Amino acid sequence: MRKKVGVILSGCGVYDGAEIAESVITLLTLDRAGVAYECLAPDIDQMHVINHLTGEVEAGETRNVLVEAARIARGKVKNLALANGDDYDALFFPGGFGAAKNLCDFAVKGADCTVHPEVERLCREVASAKKPIGFICIAPAMIPKIFGPGSKVTIGNEIDSAHQINAMGGVHINCPVQDIVVDEKLKVVSTPAYMLAGRISEAAEGIEKLVREVMRMTA
């Protein structure tokens with residue numbers, strides 16, 4: 001039976017949503033492996049809107065995470081609130097600051113952050129069934145809040161974020177861009193991607209390795 005996974009997007013665009021290259025690399029790697037995927041996103045407003053040309057906040061503008069995620073998913077994206085963990089063999093979280101702004105508030109609150117309730121619910125449903133989850137770039141910052149103290153995680157080697165992760169009870173492990181960190185007990189895999197990558201090929205190497213490891217864990 002063909003495996004099916006959920007890919008949770010946080011909008012569209014590195015500074016206020018899902019990182020597009022990381023998302024597409026994830027989807028492409030899954031498709032090449034013959035894995036069916038369903039894109040998911042919460043039906044909420046983004047924390048804010050960033051002008052990706054200037055890097056400035058667009059005052060007074062609002063965008064919806066689900067609507068923006070549809071840009072990456074070519075319109076085929078499901079409201080996260082309607083997703084059921086029983087329907088997936090694994091989950092994947094591409095990075096981009098939307099993961100730290102819209103799926104949780106790590107970007108604002110650091111170690112005091114909370115994870116969006118629907119994100120946490122779906123992760124717990126999947127984890128309770130002993131199914132694996134892959135976190136990319138800054139998305140691994142959610143791992144300690146979802147899985148609790150002792151969970152192994154990497155965001156590369158960025159000192160402040162690593163400190164915040166450790167303050168949440170996670171165990172941050174420095175990791176090069178082309179590699180992954182695997183928590184075998186929790187079935188959680190993370191990779192730095194654009195936390196470290198200077199080129200798309202560098203991000204792709206770690207993401208592809210992460211996808212392969214997560215799918216291995218579904219066997």
# chains A, B, ... in the order shown; residues from 1 in each chain; ligands from 1
>>> residues_around(residues="A:Ile143", least_positions_apart="3", cutoff="12 Å", atoms="only C-alpha atoms", output="PyMOL selection string")
chain A and resi 93+99-100+103-104+106+111+113-115+119-120+123-124+127+133-136+138-140+146-155+164-166+168-172+183+186-190
>>> write_last_selection(atoms="N, CA and C atoms", output="compact mmCIF listing (two decimals), in the first residue's frame")
# COMPACT_ATOMS: atom_id res chain seq x y z
N PHE A 93 7.64 19.09 8.46
CA PHE A 93 7.51 20.52 8.70
C PHE A 93 8.65 21.26 8.02
N ALA A 99 7.16 29.05 10.41
CA ALA A 99 7.11 27.95 11.37
C ALA A 99 7.29 28.47 12.79
N ALA A 100 8.05 29.55 12.94
CA ALA A 100 8.32 30.13 14.26
C ALA A 100 7.42 31.32 14.58
N LEU A 103 3.06 28.80 13.18
CA LEU A 103 2.80 27.47 13.74
C LEU A 103 3.11 27.44 15.24
N CYS A 104 3.94 28.36 15.67
CA CYS A 104 4.21 28.60 17.10
C CYS A 104 4.67 30.05 17.20
N PHE A 106 7.71 30.98 18.69
CA PHE A 106 9.10 30.94 19.11
C PHE A 106 9.85 32.20 18.71
N ALA A 111 11.96 30.56 24.55
CA ALA A 111 11.69 29.39 25.38
C ALA A 111 10.31 29.41 26.01
N CYS A 113 7.60 30.00 24.40
CA CYS A 113 6.65 29.89 23.27
C CYS A 113 5.60 28.82 23.51
N THR A 114 4.53 28.92 22.74
CA THR A 114 3.51 27.88 22.69
C THR A 114 3.32 27.47 21.23
N VAL A 115 2.91 26.25 21.03
CA VAL A 115 2.66 25.71 19.69
C VAL A 115 1.17 25.84 19.38
N VAL A 119 -1.55 22.22 15.47
CA VAL A 119 -0.24 21.63 15.16
C VAL A 119 0.13 20.61 16.22
N GLU A 120 -0.03 21.01 17.47
CA GLU A 120 0.31 20.12 18.58
C GLU A 120 -0.58 18.88 18.58
N CYS A 123 0.48 16.46 15.74
CA CYS A 123 1.76 15.84 16.07
C CYS A 123 1.59 14.77 17.14
N ARG A 124 0.79 15.04 18.14
CA ARG A 124 0.60 14.08 19.22
C ARG A 124 -0.16 12.84 18.72
N ALA A 127 2.49 10.91 16.77
CA ALA A 127 3.51 10.37 17.67
C ALA A 127 2.97 9.25 18.54
N ILE A 133 8.21 11.98 12.53
CA ILE A 133 7.98 13.36 12.09
C ILE A 133 9.33 14.00 11.79
N GLY A 134 9.40 14.73 10.66
CA GLY A 134 10.61 15.43 10.27
C GLY A 134 10.44 16.93 10.37
N PHE A 135 11.42 17.61 10.98
CA PHE A 135 11.39 19.06 11.17
C PHE A 135 12.60 19.68 10.49
N ILE A 136 12.39 20.75 9.73
CA ILE A 136 13.42 21.35 8.90
C ILE A 136 13.67 22.80 9.31
N ILE A 138 14.13 26.10 11.05
CA ILE A 138 13.76 26.60 12.37
C ILE A 138 12.59 25.82 12.98
N ALA A 139 11.88 25.05 12.17
CA ALA A 139 10.74 24.27 12.67
C ALA A 139 11.11 23.36 13.85
N PRO A 140 12.34 22.81 13.92
CA PRO A 140 12.68 21.97 15.08
C PRO A 140 12.57 22.66 16.43
N ILE A 146 6.52 20.02 22.03
CA ILE A 146 5.61 18.93 21.63
C ILE A 146 5.98 17.62 22.31
N PHE A 147 7.29 17.34 22.37
CA PHE A 147 7.74 16.02 22.81
C PHE A 147 8.32 16.01 24.22
N GLY A 148 8.56 17.18 24.79
CA GLY A 148 8.97 17.24 26.18
C GLY A 148 10.47 17.20 26.39
N PRO A 149 10.89 17.26 27.66
CA PRO A 149 12.31 17.29 28.01
C PRO A 149 13.06 16.08 27.48
N GLY A 150 14.31 16.33 27.08
CA GLY A 150 15.17 15.24 26.63
C GLY A 150 15.10 14.97 25.14
N SER A 151 14.19 15.62 24.44
CA SER A 151 14.07 15.39 23.00
C SER A 151 15.28 15.98 22.28
N LYS A 152 15.83 15.20 21.34
CA LYS A 152 17.03 15.61 20.60
C LYS A 152 16.61 16.43 19.38
N VAL A 153 17.35 17.52 19.14
CA VAL A 153 16.93 18.45 18.10
C VAL A 153 18.15 19.22 17.59
N THR A 154 18.08 19.65 16.32
CA THR A 154 19.10 20.56 15.82
C THR A 154 18.46 21.68 15.00
N ILE A 155 19.04 22.87 15.10
CA ILE A 155 18.77 23.95 14.16
C ILE A 155 20.09 24.40 13.55
N GLN A 164 17.81 28.67 23.62
CA GLN A 164 16.37 28.68 23.90
C GLN A 164 15.79 27.26 23.86
N ILE A 165 16.27 26.46 22.92
CA ILE A 165 15.82 25.07 22.81
C ILE A 165 16.22 24.30 24.07
N ASN A 166 17.45 24.48 24.50
CA ASN A 166 17.89 23.81 25.72
C ASN A 166 17.10 24.28 26.94
N MET A 168 14.07 25.05 27.00
CA MET A 168 12.76 24.38 26.97
C MET A 168 12.85 22.92 27.39
N GLY A 169 14.07 22.45 27.61
CA GLY A 169 14.25 21.05 28.00
C GLY A 169 14.72 20.16 26.88
N GLY A 170 14.86 20.73 25.68
CA GLY A 170 15.38 19.97 24.57
C GLY A 170 16.88 19.77 24.70
N VAL A 171 17.41 18.86 23.90
CA VAL A 171 18.85 18.61 23.86
C VAL A 171 19.32 19.02 22.47
N HIS A 172 19.85 20.24 22.37
CA HIS A 172 20.29 20.70 21.05
C HIS A 172 21.64 20.08 20.70
N ASP A 183 16.30 11.37 16.69
CA ASP A 183 15.90 10.89 18.01
C ASP A 183 15.14 9.59 17.78
N LEU A 186 11.94 8.87 20.01
CA LEU A 186 10.73 9.64 19.69
C LEU A 186 10.35 9.56 18.21
N LYS A 187 11.24 9.03 17.40
CA LYS A 187 11.05 8.99 15.94
C LYS A 187 10.90 10.41 15.38
N VAL A 188 11.82 11.26 15.79
CA VAL A 188 11.85 12.65 15.35
C VAL A 188 13.20 12.91 14.67
N VAL A 189 13.14 13.54 13.50
CA VAL A 189 14.34 13.83 12.72
C VAL A 189 14.38 15.33 12.41
N SER A 190 15.55 15.94 12.52
CA SER A 190 15.67 17.37 12.21
C SER A 190 16.93 17.63 11.41
>>> residues_around(residues="A:Thr191", least_positions_apart="4", cutoff="8 Å", atoms="only C-alpha atoms", output="list in words")
Phe135, Ile136, Cys137, Thr154, Ile155, Gly156, Cys175, Val177, Gln178, Asp179, Ile180, Val181, Gly206, Ile207 and Leu210 of chain A
>>> write_last_selection(atoms="C-alpha atoms", output="PDB file, in the first residue's frame")
ATOM      1  CA  PHE A 135      11.389  19.060  11.169  1.00  0.00           C
ATOM      2  CA  ILE A 136      13.424  21.351   8.900  1.00  0.00           C
ATOM      3  CA  CYS A 137      15.325  24.625   9.475  1.00  0.00           C
ATOM      4  CA  THR A 154      19.097  20.562  15.818  1.00  0.00           C
ATOM      5  CA  ILE A 155      18.766  23.949  14.164  1.00  0.00           C
ATOM      6  CA  GLY A 156      22.414  23.807  13.103  1.00  0.00           C
ATOM      7  CA  CYS A 175      24.826  19.673  13.088  1.00  0.00           C
ATOM      8  CA  VAL A 177      23.946  21.603   6.884  1.00  0.00           C
ATOM      9  CA  GLN A 178      24.178  18.320   4.988  1.00  0.00           C
ATOM     10  CA  ASP A 179      23.375  16.126   7.981  1.00  0.00           C
ATOM     11  CA  ILE A 180      20.484  15.226  10.274  1.00  0.00           C
ATOM     12  CA  VAL A 181      19.858  14.575  13.960  1.00  0.00           C
ATOM     13  CA  GLY A 206      20.146  17.571   4.365  1.00  0.00           C
ATOM     14  CA  ILE A 207      16.432  17.673   3.489  1.00  0.00           C
ATOM     15  CA  LEU A 210      15.840  13.706   6.396  1.00  0.00           C
TER      16      LEU A 210
END
>>> residues_around(residues="stretch 82-87 of chain A", least_positions_apart="6", cutoff="6 Å", atoms="only C-alpha atoms", output="PyMOL selection string")
chain A and resi 122+125-126
>>> closest_residue(among="A:Ala73, A:Val7, A:Val211, A:Leu91", to="A:Arg32", atoms="only C-alpha atoms")
A:Val211
>>> residues_around(residues="A:Cys39", least_positions_apart="5", cutoff="12 Å", atoms="only C-alpha atoms", output="ChimeraX atom specification")
/A:4-11,18,23-24,26-27,66-67,69-80,82-83,88,91-94
>>> write_last_selection(atoms="N, CA and C atoms", output="compact mmCIF listing (two decimals), in the first residue's frame")
# COMPACT_ATOMS: atom_id res chain seq x y z
N LYS A 4 1.44 7.52 2.69
CA LYS A 4 0.92 8.88 2.57
C LYS A 4 1.39 9.69 3.77
N VAL A 5 1.86 10.89 3.50
CA VAL A 5 2.37 11.75 4.58
C VAL A 5 1.71 13.12 4.51
N GLY A 6 1.77 13.83 5.61
CA GLY A 6 1.30 15.21 5.66
C GLY A 6 2.47 16.16 5.69
N VAL A 7 2.38 17.24 4.90
CA VAL A 7 3.42 18.28 4.88
C VAL A 7 2.77 19.57 5.36
N ILE A 8 3.18 20.06 6.52
CA ILE A 8 2.53 21.21 7.13
C ILE A 8 3.26 22.48 6.73
N LEU A 9 2.54 23.36 6.05
CA LEU A 9 3.08 24.62 5.57
C LEU A 9 2.62 25.77 6.46
N SER A 10 3.43 26.83 6.53
CA SER A 10 3.13 27.94 7.43
C SER A 10 2.91 29.25 6.68
N GLY A 11 2.50 29.14 5.43
CA GLY A 11 2.31 30.31 4.58
C GLY A 11 3.17 30.18 3.35
N ALA A 18 6.20 29.74 4.99
CA ALA A 18 7.04 28.59 4.72
C ALA A 18 8.15 28.96 3.73
N SER A 23 10.25 23.73 1.15
CA SER A 23 8.97 23.06 0.93
C SER A 23 8.99 22.25 -0.35
N VAL A 24 9.48 22.86 -1.42
CA VAL A 24 9.48 22.20 -2.72
C VAL A 24 10.45 21.01 -2.73
N THR A 26 11.23 19.18 -0.21
CA THR A 26 10.55 18.12 0.55
C THR A 26 9.53 17.40 -0.32
N LEU A 27 8.70 18.16 -1.01
CA LEU A 27 7.66 17.57 -1.85
C LEU A 27 8.26 16.78 -3.01
N LEU A 66 -3.41 29.64 5.38
CA LEU A 66 -3.93 28.59 4.49
C LEU A 66 -3.95 29.07 3.04
N VAL A 67 -4.41 30.29 2.83
CA VAL A 67 -4.48 30.85 1.48
C VAL A 67 -3.09 31.01 0.88
N ALA A 69 -0.36 29.35 1.77
CA ALA A 69 0.22 28.02 1.56
C ALA A 69 -0.26 27.40 0.25
N ALA A 70 -1.44 27.76 -0.18
CA ALA A 70 -1.98 27.25 -1.44
C ALA A 70 -1.11 27.64 -2.63
N ARG A 71 -0.33 28.71 -2.51
CA ARG A 71 0.59 29.11 -3.57
C ARG A 71 1.64 28.01 -3.81
N ILE A 72 2.16 27.46 -2.73
CA ILE A 72 3.16 26.41 -2.84
C ILE A 72 2.53 25.09 -3.25
N ALA A 73 1.36 24.82 -2.71
CA ALA A 73 0.68 23.54 -2.93
C ALA A 73 -0.11 23.50 -4.23
N ARG A 74 0.00 24.54 -5.05
CA ARG A 74 -0.75 24.63 -6.31
C ARG A 74 -2.25 24.47 -6.08
N GLY A 75 -2.70 25.05 -4.95
CA GLY A 75 -4.12 25.07 -4.62
C GLY A 75 -4.59 23.86 -3.84
N LYS A 76 -3.78 22.82 -3.77
CA LYS A 76 -4.20 21.59 -3.11
C LYS A 76 -3.66 21.56 -1.68
N VAL A 77 -4.37 22.25 -0.81
CA VAL A 77 -3.96 22.31 0.59
C VAL A 77 -5.20 22.17 1.47
N LYS A 78 -5.05 21.46 2.58
CA LYS A 78 -6.17 21.15 3.46
C LYS A 78 -6.05 21.92 4.77
N ASN A 79 -7.17 22.37 5.27
CA ASN A 79 -7.21 23.02 6.57
C ASN A 79 -6.70 22.05 7.64
N LEU A 80 -5.70 22.46 8.37
CA LEU A 80 -5.08 21.60 9.38
C LEU A 80 -6.09 21.09 10.40
N LEU A 82 -8.89 19.96 9.95
CA LEU A 82 -9.63 18.81 9.42
C LEU A 82 -8.76 17.57 9.28
N ALA A 83 -7.47 17.69 9.60
CA ALA A 83 -6.54 16.58 9.44
C ALA A 83 -6.61 15.63 10.63
N TYR A 88 -2.10 9.52 8.12
CA TYR A 88 -0.73 9.75 7.64
C TYR A 88 0.25 8.76 8.26
N LEU A 91 4.78 12.89 9.23
CA LEU A 91 4.56 14.32 8.99
C LEU A 91 5.91 14.98 8.69
N PHE A 92 5.83 16.10 7.94
CA PHE A 92 7.01 16.90 7.65
C PHE A 92 6.68 18.37 7.87
N PHE A 93 7.64 19.09 8.46
CA PHE A 93 7.51 20.52 8.70
C PHE A 93 8.65 21.26 8.02
N PRO A 94 8.44 21.80 6.80
CA PRO A 94 9.46 22.69 6.23
C PRO A 94 9.63 23.92 7.11
>>> closest_residue(among="A:Asp112, A:Asp31, A:Glu22, A:Asp89", to="A:Met142", atoms="only C-alpha atoms")
A:Asp112
>>> closest_residue(among="A:Leu28, A:Cys12, A:Val214, A:Ala81", to="A:Asp43", atoms="only C-alpha atoms")
A:Ala81
>>> select_by_dssp(residues="stretch 11-44 of chain A", states="helix (DSSP H, G or I)", output="PyMOL selection string")
chain A and resi 20-32
>>> write_last_selection(atoms="N, CA and C atoms", output="CSV table (one decimal), in the first residue's frame")
chain,number,residue,atom,x,y,z
A,20,ILE,N,10.1,28.5,0.7
A,20,ILE,CA,9.6,27.9,-0.6
A,20,ILE,C,10.5,26.8,-1.0
A,21,ALA,N,11.8,27.0,-1.1
A,21,ALA,CA,12.8,26.0,-1.5
A,21,ALA,C,12.7,24.8,-0.7
A,22,GLU,N,12.7,25.0,0.7
A,22,GLU,CA,12.6,23.8,1.6
A,22,GLU,C,11.4,23.0,1.4
A,23,SER,N,10.3,23.7,1.2
A,23,SER,CA,9.0,23.1,0.9
A,23,SER,C,9.0,22.3,-0.4
A,24,VAL,N,9.5,22.9,-1.4
A,24,VAL,CA,9.5,22.2,-2.7
A,24,VAL,C,10.5,21.0,-2.7
A,25,ILE,N,11.6,21.2,-2.1
A,25,ILE,CA,12.6,20.1,-2.0
A,25,ILE,C,11.9,18.9,-1.3
A,26,THR,N,11.2,19.2,-0.2
A,26,THR,CA,10.6,18.1,0.5
A,26,THR,C,9.5,17.4,-0.3
A,27,LEU,N,8.7,18.2,-1.0
A,27,LEU,CA,7.7,17.6,-1.8
A,27,LEU,C,8.3,16.8,-3.0
A,28,LEU,N,9.3,17.3,-3.6
A,28,LEU,CA,10.0,16.6,-4.8
A,28,LEU,C,10.6,15.3,-4.3
A,29,THR,N,11.3,15.4,-3.2
A,29,THR,CA,11.9,14.1,-2.7
A,29,THR,C,10.9,13.1,-2.3
A,30,LEU,N,9.8,13.5,-1.8
A,30,LEU,CA,8.7,12.5,-1.5
A,30,LEU,C,8.1,11.9,-2.8
A,31,ASP,N,7.9,12.8,-3.7
A,31,ASP,CA,7.3,12.3,-5.0
A,31,ASP,C,8.2,11.4,-5.7
A,32,ARG,N,9.5,11.7,-5.7
A,32,ARG,CA,10.5,10.8,-6.4
A,32,ARG,C,10.6,9.5,-5.7
>>> residues_around(residues="A:His48", least_positions_apart="5", cutoff="7 Å", atoms="only C-alpha atoms", output="PyMOL selection string")
chain A and resi 16+57+62
>>> select_by_dssp(residues="stretch 2-138 of chain A", states="strand (DSSP E or B)", output="JSON list (two decimals) with C-alpha atoms, in the first residue's frame")
[["chain", "number", "residue", "atom", "x", "y", "z"],
["A", 4, "LYS", "CA", 0.92, 8.88, 2.57],
["A", 5, "VAL", "CA", 2.37, 11.75, 4.58],
["A", 6, "GLY", "CA", 1.30, 15.21, 5.66],
["A", 7, "VAL", "CA", 3.42, 18.28, 4.88],
["A", 8, "ILE", "CA", 2.53, 21.21, 7.13],
["A", 36, "ALA", "CA", 1.86, 10.37, -1.62],
["A", 37, "TYR", "CA", 1.62, 13.65, 0.26],
["A", 38, "GLU", "CA", -1.06, 16.05, 1.40],
["A", 39, "CYS", "CA", -0.24, 19.67, 2.15],
["A", 40, "LEU", "CA", -1.81, 21.10, 5.31],
["A", 41, "ALA", "CA", -1.93, 24.56, 6.87],
["A", 45, "ASP", "CA", -3.89, 35.06, 9.84],
["A", 50, "ILE", "CA", 6.91, 41.01, 5.31],
["A", 57, "VAL", "CA", 6.82, 44.80, 7.78],
["A", 64, "ASN", "CA", -4.11, 34.06, 5.67],
["A", 77, "VAL", "CA", -3.96, 22.31, 0.59],
["A", 78, "LYS", "CA", -6.17, 21.15, 3.46],
["A", 79, "ASN", "CA", -7.21, 23.02, 6.57],
["A", 90, "ALA", "CA", 4.51, 10.52, 8.81],
["A", 91, "LEU", "CA", 4.56, 14.32, 8.99],
["A", 92, "PHE", "CA", 7.01, 16.90, 7.65],
["A", 93, "PHE", "CA", 7.51, 20.52, 8.70],
["A", 104, "CYS", "CA", 4.21, 28.60, 17.10],
["A", 115, "VAL", "CA", 2.66, 25.71, 19.69],
["A", 133, "ILE", "CA", 7.98, 13.36, 12.09],
["A", 134, "GLY", "CA", 10.61, 15.43, 10.27],
["A", 135, "PHE", "CA", 11.39, 19.06, 11.17],
["A", 136, "ILE", "CA", 13.42, 21.35, 8.90]]
>>> atom_distance(atom1="atom CA of A:Leu53", atom2="atom CA of A:Ser161")
25.2 Å
>>> decode(residues="stretch 15-26 of chain A", atoms="N, CA and C atoms", output="mmCIF file, in the first residue's frame")
data_model
loop_
_atom_site.group_PDB
_atom_site.id
_atom_site.type_symbol
_atom_site.label_atom_id
_atom_site.label_comp_id
_atom_site.auth_asym_id
_atom_site.auth_seq_id
_atom_site.Cartn_x
_atom_site.Cartn_y
_atom_site.Cartn_z
ATOM 1 N N TYR A 15 10.336 34.880 5.155
ATOM 2 C CA TYR A 15 10.335 35.787 6.300
ATOM 3 C C TYR A 15 9.032 35.803 7.086
ATOM 4 N N ASP A 16 7.946 35.335 6.488
ATOM 5 C CA ASP A 16 6.665 35.343 7.208
ATOM 6 C C ASP A 16 5.839 34.082 6.983
ATOM 7 N N GLY A 17 6.399 33.111 6.271
ATOM 8 C CA GLY A 17 5.662 31.885 5.968
ATOM 9 C C GLY A 17 6.612 30.711 5.801
ATOM 10 N N ALA A 18 6.199 29.741 4.986
ATOM 11 C CA ALA A 18 7.045 28.586 4.715
ATOM 12 C C ALA A 18 8.148 28.958 3.733
ATOM 13 N N GLU A 19 9.357 28.442 3.966
ATOM 14 C CA GLU A 19 10.471 28.652 3.049
ATOM 15 C C GLU A 19 10.175 27.850 1.783
ATOM 16 N N ILE A 20 10.102 28.532 0.665
ATOM 17 C CA ILE A 20 9.616 27.904 -0.562
ATOM 18 C C ILE A 20 10.531 26.788 -1.039
ATOM 19 N N ALA A 21 11.838 27.034 -1.073
ATOM 20 C CA ALA A 21 12.765 26.009 -1.547
ATOM 21 C C ALA A 21 12.711 24.772 -0.654
ATOM 22 N N GLU A 22 12.710 24.960 0.653
ATOM 23 C CA GLU A 22 12.635 23.820 1.572
ATOM 24 C C GLU A 22 11.351 23.027 1.368
ATOM 25 N N SER A 23 10.254 23.732 1.152
ATOM 26 C CA SER A 23 8.970 23.061 0.934
ATOM 27 C C SER A 23 8.987 22.252 -0.354
ATOM 28 N N VAL A 24 9.476 22.864 -1.425
ATOM 29 C CA VAL A 24 9.479 22.197 -2.725
ATOM 30 C C VAL A 24 10.451 21.014 -2.733
ATOM 31 N N ILE A 25 11.610 21.177 -2.124
ATOM 32 C CA ILE A 25 12.557 20.063 -2.040
ATOM 33 C C ILE A 25 11.939 18.889 -1.296
ATOM 34 N N THR A 26 11.233 19.179 -0.213
ATOM 35 C CA THR A 26 10.553 18.124 0.545
ATOM 36 C C THR A 26 9.531 17.399 -0.323
#
